[in-house]
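**Student:** Below: one structure in structure tokens.
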Amino acid sequence: MPLPNTRVIPANWAEHHRGAATGTQTAVVEWFHRGAPEPWPLPDGWTGPEPFHQCTANVQQINTVTGALVADQPLQERKYLVSIPMDAPEIRAGEQDGDFCKVTASSDPLLIGRTLNATDVQHGALMWERDIVCTDTLTQN
């Protein structure tokens, strides 16, 4: 039991530690809402969808790789935890209409340009950063 008139966790504890979390976000990502598929072949002058948000991120692989056979074609996915600042706008998760991000800067040059699809947005009472589970479809990226 805490002492009377004291708190186990001080007020603004999470906000105070957000700077430390932001310091680990060394990559840059652009977030997009899922829309109509890209036209194929790409018309001249087509630049693609416009991002609704750009921010720093920490992108770390979750050590699971899944594989399946879909319509007689192999499908391999890798999961990533993408951590972004808490003040970012809402990121929607979901297979059909979830948002996705593209990595535009990273110390890993092979991560740049990859598309990561938001599948789960983590929530909690004391959050330092917004954690988003994303998938990278290796056979389509």
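Ordering of the structure tokens sets the chain letters (A, B, ...); residue numbers start at 1 within each chain; ligands are numbered from 1 in the order shown.
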Compile the contact shell of Thr135 of chain A as a count of residues only: residues with an atom at most 10 Å away, counting only C-alpha atoms, same-chain residues fewer than 5 positions apart removed.

**Tutor:** 18

**Student:** Would you give me, as an MDAnalysis selection string, the residues in chain A that DSSP reads as strand (DSSP E)?

**Tutor:** chainID A and resid 27:32 53:70 73:84 100:105 115:121 130:137

**Student:** Please tabulate, as CSV, the residues of segment 76-110 of chain A that come within 6 Å of segment 19-38 of chain A, each with its closest pair of atoms and the distance in Å to one decimal, counting only C-alpha atoms and ordering rows by chain, then residue number upward.

**Tutor:**
```
residue,atom,partner,partner_atom,distance
A:Asp97,CA,A:Arg34,CA,5.6
A:Asp99,CA,A:His33,CA,4.7
A:Phe100,CA,A:Phe32,CA,5.4
A:Cys101,CA,A:Trp31,CA,4.3
A:Lys102,CA,A:Glu30,CA,5.4
A:Val103,CA,A:Val29,CA,4.4
A:Thr104,CA,A:Val29,CA,5.5
A:Ala105,CA,A:Val28,CA,4.9
A:Ser106,CA,A:Ala27,CA,4.5
```

**Student:** Have a look at A:Asn12, A:Gln60, A:Gln96, A:Thr47 and name the one nearest to Cys134 of chain A; count only C-alpha atoms.

**Tutor:**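 Once distances to Cys134 of chain A are computed over only C-alpha atoms, the minimum belongs to A:Gln60.
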
**Student:** Contacts of segment 13-18 of chain A at 12 Å or less, counting only C-alpha atoms, minus same-chain residues fewer than 2 places along, as a list in words?

**Tutor:**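 That gives Arg7, Val8, Ile9, Pro10, Ala11, Ala20, Ala21, Thr22, Gly23, Thr24, Gln25, Ser83, Ile84, Pro85, Met86, Asp87, Gly124, Ala125, Leu126, Met127, Trp128, Glu129 and Arg130 of chain A.
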
**Student:** Could you write out that same residue set with N, CA, C and O atoms as a compact mmCIF listing (two decimals), in the first residue's frame?

**Tutor:**
```
# COMPACT_ATOMS: atom_id res chain seq x y z
N ARG A 7 1.58 8.89 -4.54
CA ARG A 7 1.22 8.11 -5.73
C ARG A 7 2.33 7.12 -6.01
O ARG A 7 3.51 7.45 -5.87
N VAL A 8 1.96 5.93 -6.44
CA VAL A 8 2.97 4.94 -6.83
C VAL A 8 3.67 5.42 -8.09
O VAL A 8 4.89 5.37 -8.20
N ILE A 9 2.91 5.90 -9.06
CA ILE A 9 3.46 6.44 -10.30
C ILE A 9 3.17 7.94 -10.31
O ILE A 9 2.00 8.35 -10.26
N PRO A 10 4.19 8.77 -10.37
CA PRO A 10 3.97 10.22 -10.32
C PRO A 10 3.15 10.72 -11.50
O PRO A 10 3.13 10.11 -12.58
N ALA A 11 2.50 11.84 -11.30
CA ALA A 11 1.75 12.49 -12.39
C ALA A 11 2.71 12.81 -13.53
O ALA A 11 3.88 13.13 -13.31
N ALA A 20 12.83 9.95 -24.08
CA ALA A 20 13.75 8.80 -24.20
C ALA A 20 13.30 7.88 -25.32
O ALA A 20 14.11 7.40 -26.12
N ALA A 21 12.00 7.63 -25.43
CA ALA A 21 11.48 6.78 -26.50
C ALA A 21 11.71 7.43 -27.86
O ALA A 21 12.13 6.77 -28.81
N THR A 22 11.48 8.73 -27.95
CA THR A 22 11.69 9.43 -29.22
C THR A 22 13.15 9.34 -29.65
O THR A 22 13.45 9.27 -30.84
N GLY A 23 14.07 9.30 -28.71
CA GLY A 23 15.48 9.18 -29.03
C GLY A 23 15.85 7.87 -29.70
O GLY A 23 16.89 7.77 -30.34
N THR A 24 15.01 6.85 -29.56
CA THR A 24 15.28 5.56 -30.22
C THR A 24 14.69 5.50 -31.63
O THR A 24 14.93 4.54 -32.34
N GLN A 25 13.92 6.49 -32.00
CA GLN A 25 13.23 6.48 -33.30
C GLN A 25 14.14 7.12 -34.35
O GLN A 25 14.08 8.32 -34.60
N SER A 83 7.35 1.69 -33.86
CA SER A 83 7.04 2.59 -32.74
C SER A 83 7.20 4.02 -33.22
O SER A 83 8.24 4.39 -33.76
N ILE A 84 6.13 4.82 -33.00
CA ILE A 84 6.12 6.21 -33.47
C ILE A 84 5.74 7.12 -32.30
O ILE A 84 5.25 6.66 -31.27
N PRO A 85 5.95 8.44 -32.44
CA PRO A 85 5.60 9.36 -31.36
C PRO A 85 4.11 9.29 -31.01
O PRO A 85 3.26 9.04 -31.86
N MET A 86 3.81 9.53 -29.74
CA MET A 86 2.43 9.48 -29.26
C MET A 86 1.55 10.56 -29.89
O MET A 86 0.34 10.41 -29.96
N ASP A 87 2.14 11.67 -30.34
CA ASP A 87 1.31 12.75 -30.90
C ASP A 87 0.98 12.55 -32.38
O ASP A 87 0.40 13.42 -33.01
N GLY A 124 -2.41 1.45 -24.20
CA GLY A 124 -2.10 1.19 -22.80
C GLY A 124 -2.30 2.45 -21.97
O GLY A 124 -2.45 3.55 -22.51
N ALA A 125 -2.28 2.28 -20.67
CA ALA A 125 -2.52 3.40 -19.76
C ALA A 125 -1.30 4.32 -19.62
O ALA A 125 -1.46 5.52 -19.44
N LEU A 126 -0.11 3.76 -19.69
CA LEU A 126 1.11 4.55 -19.54
C LEU A 126 1.99 4.31 -20.76
O LEU A 126 2.88 3.46 -20.75
N MET A 127 1.75 5.06 -21.80
CA MET A 127 2.45 4.84 -23.07
C MET A 127 3.51 5.91 -23.30
O MET A 127 3.24 7.10 -23.12
N TRP A 128 4.70 5.47 -23.70
CA TRP A 128 5.78 6.39 -24.06
C TRP A 128 5.76 6.67 -25.55
O TRP A 128 6.23 7.69 -26.02
N GLU A 129 5.28 5.70 -26.31
CA GLU A 129 5.24 5.81 -27.77
C GLU A 129 4.08 4.95 -28.26
O GLU A 129 3.55 4.13 -27.52
N ARG A 130 3.66 5.15 -29.51
CA ARG A 130 2.59 4.35 -30.09
C ARG A 130 3.23 3.16 -30.81
O ARG A 130 4.05 3.35 -31.70
```

**Student:** Which residue gives the smallest distance to Thr56 of chain A among A:Val133, A:Pro109, A:Ala88, A:Ala93, with only C-alpha atoms counted?

**Tutor:**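 Among the listed residues, the smallest separation from Thr56 of chain A belongs to A:Ala88.
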
**Student:** Enter the distance from atom CA of Ile132 of chain A to atom CA of Gly94 of chain A, in Å, rounded to one decimal.

**Tutor:**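 Distance reported for this atom pair: 11.3 Å.
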